[in-house]
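For reference, entry.cif (mmCIF, C-alpha atoms):
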```cif
data_target
loop_
_atom_site.group_PDB
_atom_site.id
_atom_site.type_symbol
_atom_site.label_atom_id
_atom_site.label_comp_id
_atom_site.auth_asym_id
_atom_site.auth_seq_id
_atom_site.Cartn_x
_atom_site.Cartn_y
_atom_site.Cartn_z
ATOM 1 C CA MET B 4 9.885 -56.671 54.287
ATOM 2 C CA SER B 5 9.200 -53.045 55.186
ATOM 3 C CA GLY B 6 11.008 -49.753 55.655
ATOM 4 C CA PHE B 7 11.495 -47.002 53.079
ATOM 5 C CA VAL B 8 9.721 -47.281 49.750
ATOM 6 C CA GLU B 9 12.231 -44.734 48.440
ATOM 7 C CA LYS B 10 14.990 -43.874 50.905
ATOM 8 C CA PRO B 11 16.040 -40.228 50.486
ATOM 9 C CA GLU B 12 19.629 -39.141 50.097
ATOM 10 C CA PRO B 13 20.832 -36.892 52.934
ATOM 11 C CA VAL B 14 21.267 -33.203 52.172
ATOM 12 C CA GLU B 15 24.887 -32.089 52.227
ATOM 13 C CA VAL B 16 25.451 -28.949 54.308
ATOM 14 C CA PRO B 17 28.914 -27.495 55.044
ATOM 15 C CA GLY B 18 29.860 -28.052 58.676
ATOM 16 C CA LEU B 19 27.225 -30.744 59.263
ATOM 17 C CA VAL B 20 27.790 -34.497 59.351
ATOM 18 C CA HIS B 21 24.809 -36.704 58.538
ATOM 19 C CA ILE B 22 24.188 -39.276 61.278
ATOM 20 C CA HIS B 23 20.863 -40.945 60.628
ATOM 21 C CA THR B 24 17.798 -40.949 58.382
ATOM 22 C CA GLY B 25 14.719 -41.891 60.397
ATOM 23 C CA LYS B 26 11.108 -42.394 59.414
ATOM 24 C CA VAL B 27 10.451 -38.664 59.612
ATOM 25 C CA ARG B 28 13.582 -36.937 60.944
ATOM 26 C CA ASP B 29 17.092 -36.558 59.591
ATOM 27 C CA LEU B 30 19.856 -36.145 62.148
ATOM 28 C CA TYR B 31 23.126 -34.283 61.677
ATOM 29 C CA ARG B 32 25.928 -33.203 64.005
ATOM 30 C CA ASN B 33 27.418 -29.721 63.813
ATOM 31 C CA GLU B 34 31.005 -28.691 64.526
ATOM 32 C CA ALA B 35 30.124 -27.855 68.144
ATOM 33 C CA GLY B 36 28.960 -31.429 68.697
ATOM 34 C CA ASP B 37 25.262 -30.520 68.908
ATOM 35 C CA LEU B 38 22.548 -32.454 67.097
ATOM 36 C CA VAL B 39 20.716 -30.847 64.208
ATOM 37 C CA MET B 40 17.282 -32.433 63.848
ATOM 38 C CA VAL B 41 15.301 -31.799 60.662
ATOM 39 C CA ALA B 42 11.666 -32.920 60.482
ATOM 40 C CA SER B 43 10.746 -33.921 56.940
ATOM 41 C CA ASP B 44 7.278 -34.190 55.398
ATOM 42 C CA ARG B 45 7.598 -37.973 55.171
ATOM 43 C CA MET B 46 4.673 -40.115 56.285
ATOM 44 C CA SER B 47 4.941 -43.585 57.789
ATOM 45 C CA ALA B 48 2.223 -46.208 58.188
ATOM 46 C CA TYR B 49 2.246 -49.928 58.889
ATOM 47 C CA ASP B 50 6.047 -49.900 59.297
ATOM 48 C CA TRP B 51 6.556 -48.365 55.840
ATOM 49 C CA VAL B 52 7.810 -44.882 55.018
ATOM 50 C CA LEU B 53 5.488 -43.978 52.176
ATOM 51 C CA PRO B 54 6.559 -42.604 48.785
ATOM 52 C CA THR B 55 4.197 -39.598 49.141
ATOM 53 C CA GLU B 56 4.899 -36.671 51.469
ATOM 54 C CA ILE B 57 2.368 -34.503 53.331
ATOM 55 C CA PRO B 58 3.164 -30.805 52.735
ATOM 56 C CA ASP B 59 4.011 -28.806 55.903
ATOM 57 C CA LYS B 60 3.909 -31.918 58.110
ATOM 58 C CA GLY B 61 7.486 -31.500 59.351
ATOM 59 C CA ARG B 62 6.923 -27.859 60.222
ATOM 60 C CA VAL B 63 3.715 -28.678 62.088
ATOM 61 C CA LEU B 64 5.497 -31.366 64.114
ATOM 62 C CA THR B 65 8.373 -29.013 64.940
ATOM 63 C CA GLN B 66 6.277 -25.982 65.841
ATOM 64 C CA LEU B 67 3.830 -28.020 67.919
ATOM 65 C CA SER B 68 6.689 -29.709 69.776
ATOM 66 C CA LEU B 69 8.203 -26.309 70.564
ATOM 67 C CA TRP B 70 4.843 -25.108 71.923
ATOM 68 C CA TRP B 71 4.557 -28.159 74.169
ATOM 69 C CA PHE B 72 8.187 -27.981 75.325
ATOM 70 C CA GLU B 73 7.441 -24.497 76.665
ATOM 71 C CA LYS B 74 4.307 -25.702 78.472
ATOM 72 C CA LEU B 75 6.222 -28.555 80.118
ATOM 73 C CA LEU B 76 9.447 -26.786 81.068
ATOM 74 C CA ASP B 77 8.679 -26.670 84.784
ATOM 75 C CA LEU B 78 8.153 -30.463 84.792
ATOM 76 C CA VAL B 79 11.129 -31.626 82.769
ATOM 77 C CA PRO B 80 13.903 -29.897 80.774
ATOM 78 C CA ASN B 81 14.124 -30.484 77.036
ATOM 79 C CA HIS B 82 16.944 -30.843 74.542
ATOM 80 C CA VAL B 83 16.312 -27.716 72.423
ATOM 81 C CA ILE B 84 19.186 -25.226 72.183
ATOM 82 C CA SER B 85 18.093 -23.122 69.215
ATOM 83 C CA THR B 86 15.773 -22.927 66.235
ATOM 84 C CA ASP B 87 18.286 -20.955 64.166
ATOM 85 C CA LEU B 88 18.877 -22.269 60.667
ATOM 86 C CA PRO B 89 22.442 -23.613 60.281
ATOM 87 C CA ALA B 90 24.613 -21.612 57.884
ATOM 88 C CA GLY B 91 24.388 -23.025 54.381
ATOM 89 C CA ALA B 92 21.249 -25.068 55.089
ATOM 90 C CA PRO B 93 18.547 -25.098 52.407
ATOM 91 C CA ALA B 94 15.715 -22.600 52.827
ATOM 92 C CA ASP B 95 13.264 -25.506 53.102
ATOM 93 C CA TRP B 96 14.757 -26.372 56.512
ATOM 94 C CA ALA B 97 13.284 -23.194 58.015
ATOM 95 C CA GLY B 98 10.640 -23.942 60.635
ATOM 96 C CA ARG B 99 11.457 -27.628 60.727
ATOM 97 C CA THR B 100 14.961 -27.587 62.240
ATOM 98 C CA LEU B 101 16.068 -27.801 65.873
ATOM 99 C CA ILE B 102 19.575 -27.515 67.277
ATOM 100 C CA CYS B 103 19.600 -29.875 70.249
ATOM 101 C CA ARG B 104 21.795 -31.066 73.072
ATOM 102 C CA SER B 105 23.457 -34.383 72.401
ATOM 103 C CA LEU B 106 22.083 -36.759 75.032
ATOM 104 C CA ARG B 107 22.742 -40.276 76.220
ATOM 105 C CA MET B 108 19.444 -41.622 74.941
ATOM 106 C CA ILE B 109 17.492 -44.286 76.799
ATOM 107 C CA PRO B 110 16.352 -46.974 74.303
ATOM 108 C CA VAL B 111 12.766 -47.075 75.550
ATOM 109 C CA GLU B 112 9.565 -45.669 74.080
ATOM 110 C CA CYS B 113 7.866 -44.169 77.140
ATOM 111 C CA VAL B 114 4.158 -44.593 76.467
ATOM 112 C CA ALA B 115 1.381 -43.174 78.645
ATOM 113 C CA ARG B 116 -2.172 -44.360 78.123
ATOM 114 C CA GLY B 117 -5.280 -42.747 79.548
ATOM 115 C CA TYR B 118 -7.666 -44.568 77.232
ATOM 116 C CA LEU B 119 -7.756 -48.095 75.839
ATOM 117 C CA THR B 120 -7.138 -48.559 72.119
ATOM 118 C CA GLY B 121 -4.529 -49.791 69.639
ATOM 119 C CA SER B 122 -2.044 -52.416 70.789
ATOM 120 C CA GLY B 123 -3.194 -51.909 74.382
ATOM 121 C CA LEU B 124 -6.724 -52.928 73.426
ATOM 122 C CA ALA B 125 -5.432 -56.011 71.600
ATOM 123 C CA GLU B 126 -3.547 -57.188 74.699
ATOM 124 C CA TYR B 127 -6.468 -56.365 76.978
ATOM 125 C CA GLU B 128 -8.852 -58.452 74.901
ATOM 126 C CA GLU B 129 -6.520 -61.440 75.290
ATOM 127 C CA SER B 130 -5.457 -61.162 78.930
ATOM 128 C CA ARG B 131 -7.187 -58.183 80.616
ATOM 129 C CA THR B 132 -3.748 -56.617 80.955
ATOM 130 C CA VAL B 133 -1.642 -53.984 79.178
ATOM 131 C CA CYS B 134 2.126 -54.460 79.490
ATOM 132 C CA GLY B 135 1.388 -56.842 82.346
ATOM 133 C CA LEU B 136 -0.753 -54.305 84.247
ATOM 134 C CA ALA B 137 -4.120 -55.766 85.250
ATOM 135 C CA LEU B 138 -7.167 -53.757 84.178
ATOM 136 C CA PRO B 139 -10.825 -54.153 85.184
ATOM 137 C CA GLU B 140 -13.373 -56.124 83.220
ATOM 138 C CA GLY B 141 -15.812 -54.414 80.890
ATOM 139 C CA LEU B 142 -13.488 -52.014 79.071
ATOM 140 C CA MET B 143 -13.849 -51.541 75.316
ATOM 141 C CA ASP B 144 -12.236 -49.659 72.466
ATOM 142 C CA GLY B 145 -11.983 -46.025 73.585
ATOM 143 C CA SER B 146 -12.752 -46.611 77.264
ATOM 144 C CA GLU B 147 -11.132 -44.222 79.728
ATOM 145 C CA LEU B 148 -8.850 -46.088 82.110
ATOM 146 C CA PRO B 149 -9.328 -45.783 85.887
ATOM 147 C CA ALA B 150 -5.989 -43.915 85.951
ATOM 148 C CA PRO B 151 -3.265 -43.271 83.349
ATOM 149 C CA ILE B 152 -0.735 -46.088 83.009
ATOM 150 C CA PHE B 153 2.908 -46.294 81.922
ATOM 151 C CA THR B 154 3.224 -48.922 79.164
ATOM 152 C CA PRO B 155 6.767 -48.846 77.776
ATOM 153 C CA ALA B 156 7.944 -50.309 74.486
ATOM 154 C CA THR B 157 11.301 -51.158 72.984
ATOM 155 C CA LYS B 158 12.498 -48.874 70.211
ATOM 156 C CA ALA B 159 12.595 -50.543 66.803
ATOM 157 C CA ALA B 160 14.622 -49.843 63.676
ATOM 158 C CA VAL B 161 12.896 -48.395 60.603
ATOM 159 C CA GLY B 162 10.630 -51.104 59.217
ATOM 160 C CA ASP B 163 10.267 -53.017 62.489
ATOM 161 C CA HIS B 164 7.536 -52.962 65.136
ATOM 162 C CA ASP B 165 8.050 -51.369 68.516
ATOM 163 C CA GLU B 166 7.304 -54.082 71.076
ATOM 164 C CA ASN B 167 5.354 -53.458 74.293
ATOM 165 C CA VAL B 168 7.265 -54.667 77.347
ATOM 166 C CA PRO B 169 6.467 -54.863 81.075
ATOM 167 C CA TYR B 170 7.897 -52.286 83.456
ATOM 168 C CA GLU B 171 10.182 -54.930 84.927
ATOM 169 C CA GLU B 172 11.932 -55.267 81.569
ATOM 170 C CA VAL B 173 12.715 -51.545 81.558
ATOM 171 C CA ALA B 174 14.067 -51.822 85.092
ATOM 172 C CA ARG B 175 16.239 -54.764 84.039
ATOM 173 C CA LYS B 176 17.640 -52.987 80.970
ATOM 174 C CA ALA B 177 17.937 -49.403 82.228
ATOM 175 C CA GLY B 178 18.171 -49.943 85.976
ATOM 176 C CA ALA B 179 15.514 -49.613 88.675
ATOM 177 C CA GLU B 180 16.259 -45.948 89.405
ATOM 178 C CA THR B 181 16.082 -44.918 85.744
ATOM 179 C CA ALA B 182 12.901 -46.932 85.192
ATOM 180 C CA ALA B 183 11.241 -45.166 88.112
ATOM 181 C CA LEU B 184 12.347 -41.765 86.760
ATOM 182 C CA LEU B 185 10.934 -42.589 83.325
ATOM 183 C CA ARG B 186 7.593 -43.727 84.698
ATOM 184 C CA ARG B 187 7.189 -40.680 86.914
ATOM 185 C CA ALA B 188 8.213 -38.198 84.190
ATOM 186 C CA THR B 189 6.028 -39.883 81.566
ATOM 187 C CA LEU B 190 2.908 -39.818 83.721
ATOM 188 C CA ASP B 191 3.582 -36.267 84.955
ATOM 189 C CA VAL B 192 3.948 -34.953 81.398
ATOM 190 C CA TYR B 193 0.934 -36.912 80.198
ATOM 191 C CA GLY B 194 -1.190 -35.542 83.032
ATOM 192 C CA ARG B 195 -0.253 -31.935 82.248
ATOM 193 C CA ALA B 196 -0.821 -32.398 78.506
ATOM 194 C CA ARG B 197 -4.113 -34.264 79.017
ATOM 195 C CA ASP B 198 -5.503 -31.368 81.044
ATOM 196 C CA ILE B 199 -4.352 -28.735 78.543
ATOM 197 C CA ALA B 200 -5.831 -30.704 75.635
ATOM 198 C CA ARG B 201 -9.085 -31.305 77.528
ATOM 199 C CA ASP B 202 -9.528 -27.550 78.018
ATOM 200 C CA ARG B 203 -9.393 -27.259 74.226
ATOM 201 C CA GLY B 204 -11.978 -29.956 73.567
ATOM 202 C CA ILE B 205 -9.452 -32.678 72.741
ATOM 203 C CA ILE B 206 -8.874 -36.043 74.402
ATOM 204 C CA LEU B 207 -5.238 -37.119 74.625
ATOM 205 C CA ALA B 208 -5.806 -40.878 74.502
ATOM 206 C CA ASP B 209 -2.164 -41.910 74.598
ATOM 207 C CA THR B 210 1.264 -40.626 73.684
ATOM 208 C CA LYS B 211 4.903 -41.636 73.619
ATOM 209 C CA PHE B 212 8.013 -39.795 74.751
ATOM 210 C CA GLU B 213 11.745 -40.271 74.436
ATOM 211 C CA PHE B 214 14.171 -39.294 77.166
ATOM 212 C CA GLY B 215 17.911 -39.083 77.503
ATOM 213 C CA PHE B 216 20.470 -38.059 80.092
ATOM 214 C CA ASP B 217 22.608 -34.931 80.043
ATOM 215 C CA GLY B 218 25.008 -35.956 82.786
ATOM 216 C CA ASP B 219 22.668 -37.044 85.583
ATOM 217 C CA GLN B 220 19.755 -34.903 84.392
ATOM 218 C CA LEU B 221 16.763 -36.550 82.690
ATOM 219 C CA VAL B 222 15.850 -34.600 79.528
ATOM 220 C CA LEU B 223 12.828 -34.788 77.227
ATOM 221 C CA ALA B 224 13.940 -35.264 73.615
ATOM 222 C CA ASP B 225 12.810 -35.766 70.020
ATOM 223 C CA GLU B 226 9.237 -34.662 69.282
ATOM 224 C CA VAL B 227 6.550 -34.316 71.905
ATOM 225 C CA LEU B 228 2.740 -34.518 71.834
ATOM 226 C CA THR B 229 2.299 -34.309 68.073
ATOM 227 C CA PRO B 230 -0.194 -36.181 65.874
ATOM 228 C CA ASP B 231 2.682 -38.505 64.939
ATOM 229 C CA SER B 232 3.418 -39.499 68.533
ATOM 230 C CA SER B 233 -0.032 -39.198 70.107
ATOM 231 C CA ARG B 234 -3.672 -40.072 69.646
ATOM 232 C CA PHE B 235 -5.804 -36.928 69.799
ATOM 233 C CA TRP B 236 -9.589 -37.380 69.674
ATOM 234 C CA PRO B 237 -12.310 -34.714 69.467
ATOM 235 C CA ALA B 238 -13.963 -34.859 72.896
ATOM 236 C CA ALA B 239 -17.402 -34.043 71.501
ATOM 237 C CA ASP B 240 -17.348 -37.191 69.343
ATOM 238 C CA TRP B 241 -15.940 -39.601 71.960
ATOM 239 C CA LYS B 242 -17.990 -42.768 72.238
ATOM 240 C CA PRO B 243 -16.433 -45.945 73.678
ATOM 241 C CA GLY B 244 -17.070 -49.194 71.841
ATOM 242 C CA ARG B 245 -15.809 -48.111 68.422
ATOM 243 C CA PRO B 246 -12.750 -46.539 66.793
ATOM 244 C CA GLN B 247 -12.676 -42.810 67.561
ATOM 245 C CA PRO B 248 -12.327 -39.964 65.057
ATOM 246 C CA SER B 249 -8.799 -38.615 65.391
ATOM 247 C CA TYR B 250 -6.400 -35.823 64.461
ATOM 248 C CA ASP B 251 -3.676 -37.894 62.856
ATOM 249 C CA LYS B 252 -2.846 -40.083 59.863
ATOM 250 C CA GLN B 253 -5.981 -42.225 60.077
ATOM 251 C CA TYR B 254 -6.997 -41.082 56.589
ATOM 252 C CA VAL B 255 -3.771 -42.623 55.322
ATOM 253 C CA ARG B 256 -4.203 -45.885 57.236
ATOM 254 C CA ASP B 257 -7.828 -46.226 56.139
ATOM 255 C CA TRP B 258 -7.016 -45.646 52.479
ATOM 256 C CA LEU B 259 -4.067 -48.044 52.500
ATOM 257 C CA THR B 260 -6.237 -50.851 53.868
ATOM 258 C CA SER B 261 -9.195 -50.090 51.578
ATOM 259 C CA PRO B 262 -9.882 -51.772 48.220
ATOM 260 C CA ALA B 263 -9.151 -48.410 46.559
ATOM 261 C CA SER B 264 -5.427 -48.709 47.264
ATOM 262 C CA GLY B 265 -5.106 -52.223 45.868
ATOM 263 C CA TRP B 266 -2.453 -52.923 48.526
ATOM 264 C CA ASP B 267 -2.251 -55.942 50.794
ATOM 265 C CA ARG B 268 -0.421 -54.943 53.974
ATOM 266 C CA ARG B 269 0.366 -58.625 54.643
ATOM 267 C CA SER B 270 2.309 -58.859 51.397
ATOM 268 C CA GLU B 271 5.954 -57.904 50.936
ATOM 269 C CA GLN B 272 5.031 -55.303 48.329
ATOM 270 C CA PRO B 273 5.548 -51.636 49.200
ATOM 271 C CA PRO B 274 2.454 -49.437 49.527
ATOM 272 C CA PRO B 275 1.428 -47.266 46.564
ATOM 273 C CA PRO B 276 1.580 -43.473 46.317
ATOM 274 C CA LEU B 277 -1.218 -41.595 48.061
ATOM 275 C CA PRO B 278 -3.907 -39.859 45.976
ATOM 276 C CA GLN B 279 -4.101 -36.089 46.265
ATOM 277 C CA GLU B 280 -7.384 -36.077 48.200
ATOM 278 C CA ILE B 281 -5.845 -38.262 50.926
ATOM 279 C CA VAL B 282 -2.787 -35.994 51.078
ATOM 280 C CA ASP B 283 -5.006 -32.914 51.401
ATOM 281 C CA ALA B 284 -7.252 -34.464 54.081
ATOM 282 C CA THR B 285 -4.284 -35.643 56.131
ATOM 283 C CA ARG B 286 -2.567 -32.245 55.942
ATOM 284 C CA ALA B 287 -5.821 -30.601 57.066
ATOM 285 C CA LYS B 288 -5.995 -32.866 60.137
ATOM 286 C CA TYR B 289 -2.427 -32.011 61.182
ATOM 287 C CA LEU B 290 -3.119 -28.293 60.802
ATOM 288 C CA GLU B 291 -6.411 -28.610 62.696
ATOM 289 C CA ALA B 292 -4.651 -30.333 65.591
ATOM 290 C CA TYR B 293 -2.023 -27.585 65.711
ATOM 291 C CA GLU B 294 -4.576 -24.775 65.657
ATOM 292 C CA LEU B 295 -6.951 -26.328 68.203
ATOM 293 C CA LEU B 296 -4.192 -27.131 70.681
ATOM 294 C CA THR B 297 -2.193 -23.908 70.426
ATOM 295 C CA GLY B 298 -5.002 -21.477 69.661
ATOM 296 C CA LEU B 299 -2.792 -20.089 66.877
ATOM 297 C CA SER B 300 -3.485 -19.843 63.160
ATOM 298 C CA TRP B 301 -1.130 -21.805 60.945
ATOM 299 C CA GLN B 302 1.191 -19.365 59.256
#
```

Please express what this file holds, its structure, as structure tokens.
Amino acid sequence: MSGFVEKPEPVEVPGLVHIHTGKVRDLYRNEAGDLVMVASDRMSAYDWVLPTEIPDKGRVLTQLSLWWFEKLLDLVPNHVISTDLPAGAPADWAGRTLICRSLRMIPVECVARGYLTGSGLAEYEESRTVCGLALPEGLMDGSELPAPIFTPATKAAVGDHDENVPYEEVARKAGAETAALLRRATLDVYGRARDIARDRGIILADTKFEFGFDGDQLVLADEVLTPDSSRFWPAADWKPGRPQPSYDKQYVRDWLTSPASGWDRRSEQPPPPLPQEIVDATRAKYLEAYELLTGLSWQ
């Protein structure tokens, strides 16, 4: 059992129809048929949406995504139409709301990896492959790969694991032409973002994207290159052979699996609320990632 510890009720806004409550984002449709995407402050870990929120998290994700969308526009178009607040929306939606094109979404998590860690490391240790791609001997946790690789995954419902799949499975499900488009776009965007992050002293270890079609045009959607969808490591502290310090929710993961939480992730019991010091440390990491990458001070 996993999913929401406490599933929130959707906000009612005149002229908007609630479509979906995700781990972090709430989706609505406006009268023009566009999507209204609202990034909440919810935090997920180990397939649970936790009962404690991280203040400003949704705004950081939204503002950082907008910054990246602008940097990537010459590589791939994105789904953003406007950042205007819908009429009648609560004031709290400001800074965390995007009006977006409604796309025909491709049900694939498009993952690019430049470094070995996470589920990729687990597969490598068993078979010397990641998503069926053979890798050289001698790699360890945090090793840089000889070249970035496309390692797709199937999209899972809230509470379920995304599952890594070989490229051939994407080609079978989405078609060979679409699979090739996804791989090329994913690696192109990763390469651009990796170089930008590197210039700012940050390693982009891996990241995931979502794409959809607007007619025949491939469009980058959802969030992009945030601490929720990416592993960012401080380059100065990079040392293969161990877990790397990171700008993400590692404070949350570490506390949940520590004796202090009293929670067994293998049980069917929901995780407990987060203590204030973990909330504060996690918020600080999200803000630090935003400021280091963009060069802007958090407002």

**Item:** Distance query B:Ala188 at most 10 Å, only C-alpha atoms, self and fewer than 3 positions along chain excluded, as an NGL selection string
**Value:** :B and (78-79 or 113 or 153 or 182-185 or 191-194 or 212 or 214 or 221-223)

Selected residues, C-alpha atoms, written as a short mmCIF file (atom, residue, chain, number, x, y, z; two decimals), in the frame of the given file, please.
```
data_model
loop_
_atom_site.label_atom_id
_atom_site.label_comp_id
_atom_site.auth_asym_id
_atom_site.auth_seq_id
_atom_site.Cartn_x
_atom_site.Cartn_y
_atom_site.Cartn_z
CA LEU B 78 8.15 -30.46 84.79
CA VAL B 79 11.13 -31.63 82.77
CA CYS B 113 7.87 -44.17 77.14
CA PHE B 153 2.91 -46.29 81.92
CA ALA B 182 12.90 -46.93 85.19
CA ALA B 183 11.24 -45.17 88.11
CA LEU B 184 12.35 -41.76 86.76
CA LEU B 185 10.93 -42.59 83.32
CA ASP B 191 3.58 -36.27 84.96
CA VAL B 192 3.95 -34.95 81.40
CA TYR B 193 0.93 -36.91 80.20
CA GLY B 194 -1.19 -35.54 83.03
CA PHE B 212 8.01 -39.80 74.75
CA PHE B 214 14.17 -39.29 77.17
CA LEU B 221 16.76 -36.55 82.69
CA VAL B 222 15.85 -34.60 79.53
CA LEU B 223 12.83 -34.79 77.23
#
```

**Complete:** Computed gap from atom CA of B:Val133 to atom CA of B:Ile152 is 8.8 Å

**Item:** Long-range neighbours of B:Tyr250 as a PyMOL selection string, 12 Å cut-off, all atoms listed in the file, 4 positions minimum in chain
**Value:** chain B and resi 205-208+228-238+254-255+284-296

Translate the PyMOL selection byres ((chain B and resi 106) around 10) into a concrete residue list for this structure, as an mmCIF file with C-alpha atoms, in the frame of the given file.
```cif
data_model
loop_
_atom_site.group_PDB
_atom_site.id
_atom_site.type_symbol
_atom_site.label_atom_id
_atom_site.label_comp_id
_atom_site.auth_asym_id
_atom_site.auth_seq_id
_atom_site.Cartn_x
_atom_site.Cartn_y
_atom_site.Cartn_z
ATOM 1 C CA ASP B 37 25.262 -30.520 68.908
ATOM 2 C CA LEU B 38 22.548 -32.454 67.097
ATOM 3 C CA HIS B 82 16.944 -30.843 74.542
ATOM 4 C CA CYS B 103 19.600 -29.875 70.249
ATOM 5 C CA ARG B 104 21.795 -31.066 73.072
ATOM 6 C CA SER B 105 23.457 -34.383 72.401
ATOM 7 C CA ARG B 107 22.742 -40.276 76.220
ATOM 8 C CA MET B 108 19.444 -41.622 74.941
ATOM 9 C CA ILE B 109 17.492 -44.286 76.799
ATOM 10 C CA PHE B 214 14.171 -39.294 77.166
ATOM 11 C CA GLY B 215 17.911 -39.083 77.503
ATOM 12 C CA PHE B 216 20.470 -38.059 80.092
ATOM 13 C CA ASP B 217 22.608 -34.931 80.043
ATOM 14 C CA GLY B 218 25.008 -35.956 82.786
ATOM 15 C CA GLN B 220 19.755 -34.903 84.392
ATOM 16 C CA LEU B 221 16.763 -36.550 82.690
ATOM 17 C CA VAL B 222 15.850 -34.600 79.528
ATOM 18 C CA LEU B 223 12.828 -34.788 77.227
ATOM 19 C CA ALA B 224 13.940 -35.264 73.615
#
```

**Request:** Step by step, work through what the PyMOL selection byres ((chain B and resi 59) around 9) selects in the shown file, and finish by giving those residues as a list in words.
**Result:** Ser43, Asp44, Ile57, Pro58, Lys60, Gly61, Arg62, Val63, Leu64, Arg99, Arg286, Tyr289 and Leu290 of chain B

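What separates atom CA of B:Pro275 from atom CA of B:Tyr49 is a distance of 12.6 Å.
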
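Rounded to one decimal, atom CA of B:Tyr118 and atom CA of B:Asp209 lie 6.7 Å from each other.
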
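Distances here use all atoms listed in the file; by that measure, the residue among B:Val16, B:Cys134, B:Ala125, B:Leu142 closest to B:Val173 is B:Cys134.
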